[in-house]
Amino acid sequence: MTASQLFLQQLSNGLTLGSIYALIALGYTMIYGVIQLINFAHGEVFIVGAYAALCVMSMTSLQAVMPWWLLLGLAIVVAMFVSALLGWVMERLAYRPLRTAPRLNALITAIGMSFFLQNALMLIFGATDRSFPNWVPAVRWDIGGVTLTLMHIIIWVSSALMMLGLHFLVMKTQLGMAMRATSQDQKACYLLGIPVNRIISMTFMIGAVFASVGGVLFGLNYGTINFHDGYMMGLKAFTAAVLGGIGNLPGAMIGGLVLGILESMGAGYLSSQWKNVFAFVILVIILIFKPRGLLGERVAERA
Amino acid sequence: MTKGTVTFFAISVAVPLVANAYQLDVLTSVLIYAMLALGLNLIVGLAGLLHLGYAAFFAIGAYTYALLNIHWGWSFWVGWAPAVLIAALGSGLVGASALRVRGDYLAIVTLGFGEIIRLIFNNLDQWTGGPNGLLGIAHPTLWLPQGMYDFSVKSLPYYYLSLVLLGGVWLFCHRLSHSRLGRAWMAMRDDELAAACMGIPVLKMKLLVQICGGAVAGLAGAFFAAKQGTVTPDSFDFIQSVMVLSMVVLGGMGSMRGAILGAMLLGVLPEMLRGADQYRMLVFGLSMIVMMRLRPQGLLGRSHKESQLAAH
């Protein structure tokens, strides 16, 4: 493998990983944008989506009556639904009562939620890796020594489409306008008759849907899922959101891709043992030196 | 020293009369947690800086003492001092680099540093033994008139030693929180801008509180290494940081008695739930959520309103 082939190969791996980071990061950034909460449990929402899809995909009775692509589609829909429900319940029961409380309390609640969900998943599905059915045909193209798989292309295309869809939703629909308004001034929104609580619930649910799609793609691509993948992926996706500028949607997408690429390059050229250290070093450096991120307009203020 | 504190230590001294070796071991680990909770309480409770990487300084203390003991044969009686110093230094460096970062962002920066420090211990195989950790740390010994007394793997001496250390940490934290520094930290926690306007050097105070908190964690770490005889990086992961944080939160942020109560509850509870061990973290998570909802000030903490009333 020549130097440029290695580079391109790592670039394609990085784009794949980065697309999944971006899908999760969107949820972090949307929720932060609307209620200034770091939803620590968002990584768990991601992995719950993956587990929900796994449950559907391993039902043999369905496997008998459906072709794989239809069942996969059904699994994604169920995953979206389960995650959205989880996002809604989480906001309703844990975060909403604390909306006027000090921010520290909400953050501690979010950490508690993350622990609770992680351990609930461990109790339900066991602590070992669960293998995720790899149904996408292993088609691969060899372009100038760089291998592209169908899976990678599916991940790129589907996450790009979802992000376009989100952009449309936020910029062109009434719901999106209400979301943007809520993130600017909640009190004024109440006065204007915007159902703020419903908008916040919707934000959690949309974020959860994106995370769950990320979860299914993650499972399909890497072949195994584990209950603590959510924590690591969540933290990396949060890093991506901060990198792009938290509260900023295009920022989350770009941050996800940049982090994914940096991480694969680091793993490819330096050492994979230090891969997680890179991600955390990037996180710390960005937060200290450029807390607004690459594209952020929002200033990190308030304690 | 209030009546309650004296009673607590008196009961603790008498406990070995009725407890067996296993129970003493559990209590010793509770006392280690109590030290950590008191130390973290300075940072989170008094100064209001949410810290999510506290276990890293516990790790620095443990590894410092372990390395000094293994390579140069330093005994615990002198080895704890450099462990405290280096942990305080580490905490100060983390604090210094994150001085301008506030609130949630500070929480995440400290989490990041915590993970970085743990991963460094995990990855520097040639120094720290990597994931297998460091083995063969000598147990403390005492010179007595009858001869050398070896702590070896007995429970009783560690229990009393940890009680003495906890007493020291208690005094340290108690004196600090009732000093000019403590009042400055609380003022900064309640309103940073107002505190700065009253002439409190906010940045310096933030740095100092992290140095003090780190020092306590270093002491606890050195004792932990001496008692265990081994240190491995997975004793210092994020879960450990969150565990100590939940002790502080459960007991009531800013309350020293609360921190000890939290350490006792969360330290003993899992042992009582033995067999149901896998539910432990589930219960932790749930209790954090419920606590924030029902009694955000913790079991022994004062609510914002109460402390305002008390001030008048």
# chains A, B, ... in the order shown; residues from 1 in each chain; ligands from 1

$ interface_residues --of "chain A" --to "chain B" --cutoff "9 Å" --atoms "only C-alpha atoms" --output "PyMOL selection string"
chain A and resi 37-38+94-95+97-98+101+103-120+122-123+273-274+276-281+283-285+287-288+291+300-303

$ residues_around --residues "Arg295 (chain B)" --least-positions-apart "5" --cutoff "10 Å" --atoms "only C-alpha atoms" --output "list in words"
Val249, Leu250, Gly252, Val290, Leu300, Gly301, Arg302 and Ser303 of chain B

$ residues_around --residues "Ala47 (chain B)" --least-positions-apart "5" --cutoff "7 Å" --atoms "only C-alpha atoms" --output "PyMOL selection string"
chain B and resi 42+185-186+188-189

$ write_last_selection --atoms "N, CA and C atoms" --output "PDB file, in the first residue's frame"
ATOM      1  N   LEU B  42     -14.765  19.806  48.838  1.00  0.00           N
ATOM      2  CA  LEU B  42     -14.143  21.135  48.799  1.00  0.00           C
ATOM      3  C   LEU B  42     -14.374  21.763  47.432  1.00  0.00           C
ATOM      4  N   TRP B 185     -14.435  30.757  49.033  1.00  0.00           N
ATOM      5  CA  TRP B 185     -14.933  29.741  48.089  1.00  0.00           C
ATOM      6  C   TRP B 185     -16.449  29.751  48.039  1.00  0.00           C
ATOM      7  N   MET B 186     -17.063  29.844  49.242  1.00  0.00           N
ATOM      8  CA  MET B 186     -18.528  29.822  49.262  1.00  0.00           C
ATOM      9  C   MET B 186     -19.097  31.067  48.589  1.00  0.00           C
ATOM     10  N   MET B 188     -17.745  32.665  46.211  1.00  0.00           N
ATOM     11  CA  MET B 188     -17.525  32.486  44.779  1.00  0.00           C
ATOM     12  C   MET B 188     -18.584  31.541  44.199  1.00  0.00           C
ATOM     13  N   ARG B 189     -18.918  30.488  44.995  1.00  0.00           N
ATOM     14  CA  ARG B 189     -19.918  29.531  44.535  1.00  0.00           C
ATOM     15  C   ARG B 189     -21.273  30.219  44.397  1.00  0.00           C
TER      16      ARG B 189
END

$ select_by_dssp --residues "region 47-286 of chain A" --states "alpha helix (DSSP H)" --output "PyMOL selection string"
chain A and resi 47-57+60-65+68-90+103-125+150-172+174-184+186-191+196-222+229-244+249-265+275-286

$ atom_distance --atom1 "CA of Leu36 (chain B)" --atom2 "CA of Ala127 (chain A)"
28.6 Å

$ residues_around --residues "Pro140 (chain B)" --least-positions-apart "6" --cutoff "9 Å" --atoms "only C-alpha atoms" --output "PDB file with all heavy atoms, in the first residue's frame"
ATOM      1  N   SER B  75       8.922   3.847  52.307  1.00  0.00           N
ATOM      2  CA  SER B  75       7.840   3.269  53.092  1.00  0.00           C
ATOM      3  C   SER B  75       6.645   4.219  53.058  1.00  0.00           C
ATOM      4  O   SER B  75       6.775   5.386  52.674  1.00  0.00           O
ATOM      5  CB  SER B  75       8.289   3.046  54.538  1.00  0.00           C
ATOM      6  OG  SER B  75       8.110   4.240  55.262  1.00  0.00           O
ATOM      7  N   PHE B  76       5.500   3.696  53.497  1.00  0.00           N
ATOM      8  CA  PHE B  76       4.286   4.522  53.445  1.00  0.00           C
ATOM      9  C   PHE B  76       4.444   5.796  54.263  1.00  0.00           C
ATOM     10  O   PHE B  76       3.940   6.850  53.898  1.00  0.00           O
ATOM     11  CB  PHE B  76       3.087   3.727  53.957  1.00  0.00           C
ATOM     12  CG  PHE B  76       1.820   4.524  53.993  1.00  0.00           C
ATOM     13  CD1 PHE B  76       1.163   4.820  52.817  1.00  0.00           C
ATOM     14  CD2 PHE B  76       1.322   5.025  55.188  1.00  0.00           C
ATOM     15  CE1 PHE B  76       0.006   5.587  52.825  1.00  0.00           C
ATOM     16  CE2 PHE B  76       0.170   5.797  55.199  1.00  0.00           C
ATOM     17  CZ  PHE B  76      -0.484   6.066  54.020  1.00  0.00           C
ATOM     18  N   TRP B  77       5.181   5.682  55.392  1.00  0.00           N
ATOM     19  CA  TRP B  77       5.253   6.818  56.326  1.00  0.00           C
ATOM     20  C   TRP B  77       5.939   8.033  55.711  1.00  0.00           C
ATOM     21  O   TRP B  77       5.722   9.155  56.173  1.00  0.00           O
ATOM     22  CB  TRP B  77       5.952   6.396  57.621  1.00  0.00           C
ATOM     23  CG  TRP B  77       5.407   5.094  58.107  1.00  0.00           C
ATOM     24  CD1 TRP B  77       6.051   3.898  58.186  1.00  0.00           C
ATOM     25  CD2 TRP B  77       4.059   4.843  58.541  1.00  0.00           C
ATOM     26  NE1 TRP B  77       5.215   2.921  58.631  1.00  0.00           N
ATOM     27  CE2 TRP B  77       3.981   3.461  58.859  1.00  0.00           C
ATOM     28  CE3 TRP B  77       2.922   5.632  58.684  1.00  0.00           C
ATOM     29  CZ2 TRP B  77       2.815   2.872  59.316  1.00  0.00           C
ATOM     30  CZ3 TRP B  77       1.754   5.031  59.135  1.00  0.00           C
ATOM     31  CH2 TRP B  77       1.709   3.683  59.443  1.00  0.00           C
ATOM     32  N   TYR B 149       6.345  -4.527  63.433  1.00  0.00           N
ATOM     33  CA  TYR B 149       4.964  -4.964  63.225  1.00  0.00           C
ATOM     34  C   TYR B 149       4.615  -4.772  61.754  1.00  0.00           C
ATOM     35  O   TYR B 149       4.656  -3.656  61.237  1.00  0.00           O
ATOM     36  CB  TYR B 149       4.024  -4.141  64.109  1.00  0.00           C
ATOM     37  CG  TYR B 149       2.576  -4.490  63.930  1.00  0.00           C
ATOM     38  CD1 TYR B 149       2.075  -5.689  64.443  1.00  0.00           C
ATOM     39  CD2 TYR B 149       1.718  -3.649  63.237  1.00  0.00           C
ATOM     40  CE1 TYR B 149       0.748  -6.023  64.281  1.00  0.00           C
ATOM     41  CE2 TYR B 149       0.389  -3.978  63.064  1.00  0.00           C
ATOM     42  CZ  TYR B 149      -0.094  -5.173  63.595  1.00  0.00           C
ATOM     43  OH  TYR B 149      -1.419  -5.494  63.415  1.00  0.00           O
ATOM     44  N   ASP B 150       4.295  -5.878  61.088  1.00  0.00           N
ATOM     45  CA  ASP B 150       3.985  -5.800  59.656  1.00  0.00           C
ATOM     46  C   ASP B 150       2.463  -5.755  59.462  1.00  0.00           C
ATOM     47  O   ASP B 150       1.751  -6.592  60.012  1.00  0.00           O
ATOM     48  CB  ASP B 150       4.577  -7.026  58.937  1.00  0.00           C
ATOM     49  CG  ASP B 150       4.463  -6.882  57.433  1.00  0.00           C
ATOM     50  OD1 ASP B 150       3.840  -5.897  56.964  1.00  0.00           O
ATOM     51  OD2 ASP B 150       5.008  -7.747  56.721  1.00  0.00           O
ATOM     52  N   PHE B 151       1.991  -4.765  58.697  1.00  0.00           N
ATOM     53  CA  PHE B 151       0.547  -4.659  58.442  1.00  0.00           C
ATOM     54  C   PHE B 151       0.053  -5.832  57.609  1.00  0.00           C
ATOM     55  O   PHE B 151      -1.091  -6.224  57.745  1.00  0.00           O
ATOM     56  CB  PHE B 151       0.229  -3.355  57.695  1.00  0.00           C
ATOM     57  CG  PHE B 151       0.134  -2.147  58.562  1.00  0.00           C
ATOM     58  CD1 PHE B 151       0.974  -1.992  59.646  1.00  0.00           C
ATOM     59  CD2 PHE B 151      -0.797  -1.155  58.290  1.00  0.00           C
ATOM     60  CE1 PHE B 151       0.881  -0.861  60.451  1.00  0.00           C
ATOM     61  CE2 PHE B 151      -0.896  -0.026  59.085  1.00  0.00           C
ATOM     62  CZ  PHE B 151      -0.054   0.122  60.167  1.00  0.00           C
ATOM     63  N   SER B 152       0.940  -6.327  56.739  1.00  0.00           N
ATOM     64  CA  SER B 152       0.663  -7.400  55.771  1.00  0.00           C
ATOM     65  C   SER B 152      -0.785  -7.358  55.270  1.00  0.00           C
ATOM     66  O   SER B 152      -1.220  -6.326  54.758  1.00  0.00           O
ATOM     67  CB  SER B 152       1.069  -8.756  56.344  1.00  0.00           C
ATOM     68  OG  SER B 152       0.065  -9.329  57.113  1.00  0.00           O
ATOM     69  N   ALA B 226      -1.094   1.274  49.340  1.00  0.00           N
ATOM     70  CA  ALA B 226      -0.419   0.554  50.405  1.00  0.00           C
ATOM     71  C   ALA B 226      -1.272  -0.598  50.905  1.00  0.00           C
ATOM     72  O   ALA B 226      -0.778  -1.676  51.216  1.00  0.00           O
ATOM     73  CB  ALA B 226      -0.106   1.516  51.550  1.00  0.00           C
ATOM     74  N   LYS B 227      -2.577  -0.381  50.957  1.00  0.00           N
ATOM     75  CA  LYS B 227      -3.465  -1.420  51.469  1.00  0.00           C
ATOM     76  C   LYS B 227      -3.628  -2.545  50.454  1.00  0.00           C
ATOM     77  O   LYS B 227      -3.531  -3.717  50.800  1.00  0.00           O
ATOM     78  CB  LYS B 227      -4.832  -0.823  51.787  1.00  0.00           C
ATOM     79  CG  LYS B 227      -5.857  -1.846  52.200  1.00  0.00           C
ATOM     80  CD  LYS B 227      -7.178  -1.199  52.541  1.00  0.00           C
ATOM     81  CE  LYS B 227      -8.195  -2.242  52.950  1.00  0.00           C
ATOM     82  NZ  LYS B 227      -8.724  -2.992  51.801  1.00  0.00           N
TER      83      LYS B 227
END

$ residues_around --residues "Ser162 (chain B)" --least-positions-apart "4" --cutoff "7 Å" --atoms "only C-alpha atoms" --output "PyMOL selection string"
chain B and resi 28+31-32+158+166

$ write_last_selection --atoms "C-alpha atoms" --output "short mmCIF file (atom, residue, chain, number, x, y, z; two decimals), in the first residue's frame"
data_model
loop_
_atom_site.label_atom_id
_atom_site.label_comp_id
_atom_site.auth_asym_id
_atom_site.auth_seq_id
_atom_site.Cartn_x
_atom_site.Cartn_y
_atom_site.Cartn_z
CA THR B 28 -11.77 0.64 55.46
CA LEU B 31 -13.20 5.38 55.01
CA ILE B 32 -11.16 5.79 51.82
CA TYR B 158 -5.46 -0.60 57.97
CA LEU B 166 -9.66 10.44 57.76
#

$ residues_around --residues "Asp125 (chain B)" --least-positions-apart "6" --cutoff "12 Å" --atoms "only C-alpha atoms" --output "list in words"
Gln273 of chain A; Leu119, Pro131, Asn132, Gly133, Leu134, Thr232 and Pro233 of chain B

$ decode --residues "region 90-221 of chain B" --atoms "C-alpha atoms" --output "CSV table (one decimal), in the first residue's frame"
chain,number,residue,atom,x,y,z
B,90,GLY,CA,-1.5,17.5,39.0
B,91,SER,CA,-4.8,18.9,40.2
B,92,GLY,CA,-3.4,22.4,40.2
B,93,LEU,CA,-2.2,21.9,36.6
B,94,VAL,CA,-5.5,20.7,35.4
B,95,GLY,CA,-7.2,23.5,37.3
B,96,ALA,CA,-4.8,26.1,35.9
B,97,SER,CA,-5.4,25.0,32.3
B,98,ALA,CA,-9.1,25.1,32.8
B,99,LEU,CA,-9.3,28.3,34.8
B,100,ARG,CA,-11.4,30.2,32.3
B,101,VAL,CA,-13.8,27.4,31.6
B,102,ARG,CA,-17.0,27.4,33.6
B,103,GLY,CA,-20.0,25.4,34.5
B,104,ASP,CA,-20.9,22.5,32.3
B,105,TYR,CA,-17.8,23.1,30.2
B,106,LEU,CA,-15.6,22.7,33.2
B,107,ALA,CA,-17.3,19.4,34.0
B,108,ILE,CA,-16.5,18.1,30.6
B,109,VAL,CA,-12.9,19.4,30.6
B,110,THR,CA,-12.2,17.7,33.9
B,111,LEU,CA,-13.8,14.6,32.6
B,112,GLY,CA,-11.5,14.8,29.6
B,113,PHE,CA,-8.5,15.3,31.8
B,114,GLY,CA,-9.6,12.4,34.0
B,115,GLU,CA,-9.8,10.0,31.1
B,116,ILE,CA,-6.5,11.3,29.6
B,117,ILE,CA,-4.7,10.7,32.9
B,118,ARG,CA,-6.2,7.2,33.3
B,119,LEU,CA,-5.4,6.3,29.6
B,120,ILE,CA,-1.8,7.5,30.1
B,121,PHE,CA,-1.4,5.2,33.1
B,122,ASN,CA,-3.0,2.5,31.0
B,123,ASN,CA,-0.8,3.0,28.0
B,124,LEU,CA,2.6,3.7,29.4
B,125,ASP,CA,3.4,0.0,29.8
B,126,GLN,CA,7.1,0.3,30.5
B,127,TRP,CA,6.4,2.5,33.6
B,128,THR,CA,3.1,1.6,35.0
B,129,GLY,CA,2.7,-2.0,33.9
B,130,GLY,CA,-0.1,-1.0,31.5
B,131,PRO,CA,-3.6,-2.6,32.1
B,132,ASN,CA,-2.1,-5.1,34.5
B,133,GLY,CA,-0.9,-2.4,36.8
B,134,LEU,CA,1.8,-2.4,39.4
B,135,LEU,CA,2.2,-5.4,41.7
B,136,GLY,CA,4.2,-6.1,44.8
B,137,ILE,CA,3.8,-2.8,46.7
B,138,ALA,CA,5.2,-3.5,50.2
B,139,HIS,CA,2.7,-3.3,53.1
B,140,PRO,CA,3.4,-0.7,55.7
B,141,THR,CA,5.4,-1.7,58.8
B,142,LEU,CA,5.7,-0.1,62.2
B,143,TRP,CA,8.6,-0.1,64.7
B,144,LEU,CA,7.3,-1.2,68.0
B,145,PRO,CA,9.3,-1.8,71.2
B,146,GLN,CA,8.5,-5.6,70.8
B,147,GLY,CA,9.9,-5.5,67.2
B,148,MET,CA,8.7,-4.9,63.7
B,149,TYR,CA,5.0,-5.0,63.2
B,150,ASP,CA,4.0,-5.8,59.7
B,151,PHE,CA,0.5,-4.7,58.4
B,152,SER,CA,0.7,-7.4,55.8
B,153,VAL,CA,-2.9,-8.4,54.8
B,154,LYS,CA,-4.5,-7.9,58.2
B,155,SER,CA,-7.6,-5.8,58.4
B,156,LEU,CA,-7.3,-4.1,61.8
B,157,PRO,CA,-4.2,-2.0,61.3
B,158,TYR,CA,-5.5,-0.6,58.0
B,159,TYR,CA,-8.8,0.2,59.5
B,160,TYR,CA,-7.2,2.3,62.3
B,161,LEU,CA,-4.7,3.9,59.9
B,162,SER,CA,-7.5,4.9,57.6
B,163,LEU,CA,-9.4,6.3,60.5
B,164,VAL,CA,-6.4,8.4,61.5
B,165,LEU,CA,-6.0,9.6,58.0
B,166,LEU,CA,-9.7,10.4,57.8
B,167,GLY,CA,-9.3,12.4,61.0
B,168,GLY,CA,-6.5,14.4,59.5
B,169,VAL,CA,-8.4,15.0,56.3
B,170,TRP,CA,-11.5,16.0,58.3
B,171,LEU,CA,-9.4,18.5,60.3
B,172,PHE,CA,-7.8,19.9,57.2
B,173,CYS,CA,-11.2,20.4,55.4
B,174,HIS,CA,-12.9,21.6,58.6
B,175,ARG,CA,-10.2,24.3,59.2
B,176,LEU,CA,-10.1,25.2,55.5
B,177,SER,CA,-13.9,25.7,55.2
B,178,HIS,CA,-14.1,27.8,58.4
B,179,SER,CA,-11.2,30.0,57.3
B,180,ARG,CA,-11.0,33.1,55.0
B,181,LEU,CA,-10.4,30.7,52.2
B,182,GLY,CA,-13.5,28.7,52.8
B,183,ARG,CA,-15.7,31.8,53.0
B,184,ALA,CA,-14.1,33.0,49.8
B,185,TRP,CA,-14.9,29.7,48.1
B,186,MET,CA,-18.5,29.8,49.3
B,187,ALA,CA,-18.9,33.4,48.2
B,188,MET,CA,-17.5,32.5,44.8
B,189,ARG,CA,-19.9,29.5,44.5
B,190,ASP,CA,-23.0,31.6,45.4
B,191,ASP,CA,-22.2,34.5,43.1
B,192,GLU,CA,-18.9,34.7,41.3
B,193,LEU,CA,-19.4,38.2,40.0
B,194,ALA,CA,-20.3,39.6,43.4
B,195,ALA,CA,-17.4,37.8,45.0
B,196,ALA,CA,-15.0,39.3,42.4
B,197,CYS,CA,-16.4,42.7,43.1
B,198,MET,CA,-15.7,42.2,46.8
B,199,GLY,CA,-12.1,41.8,46.0
B,200,ILE,CA,-11.9,38.0,46.1
B,201,PRO,CA,-9.2,36.9,43.6
B,202,VAL,CA,-11.5,34.4,41.9
B,203,LEU,CA,-9.0,32.7,39.7
B,204,LYS,CA,-6.5,32.2,42.5
B,205,MET,CA,-9.2,30.8,44.7
B,206,LYS,CA,-10.3,28.3,42.0
B,207,LEU,CA,-6.8,27.1,41.6
B,208,LEU,CA,-6.3,26.8,45.4
B,209,VAL,CA,-9.4,24.7,46.0
B,210,GLN,CA,-8.4,22.3,43.3
B,211,ILE,CA,-4.9,22.0,44.7
B,212,CYS,CA,-6.4,21.3,48.2
B,213,GLY,CA,-8.9,18.8,46.8
B,214,GLY,CA,-6.1,17.0,44.7
B,215,ALA,CA,-3.9,16.7,47.8
B,216,VAL,CA,-6.7,14.9,49.7
B,217,ALA,CA,-7.2,12.5,46.8
B,218,GLY,CA,-3.4,11.9,46.7
B,219,LEU,CA,-3.4,10.9,50.3
B,220,ALA,CA,-6.3,8.5,49.8
B,221,GLY,CA,-4.5,7.1,46.8
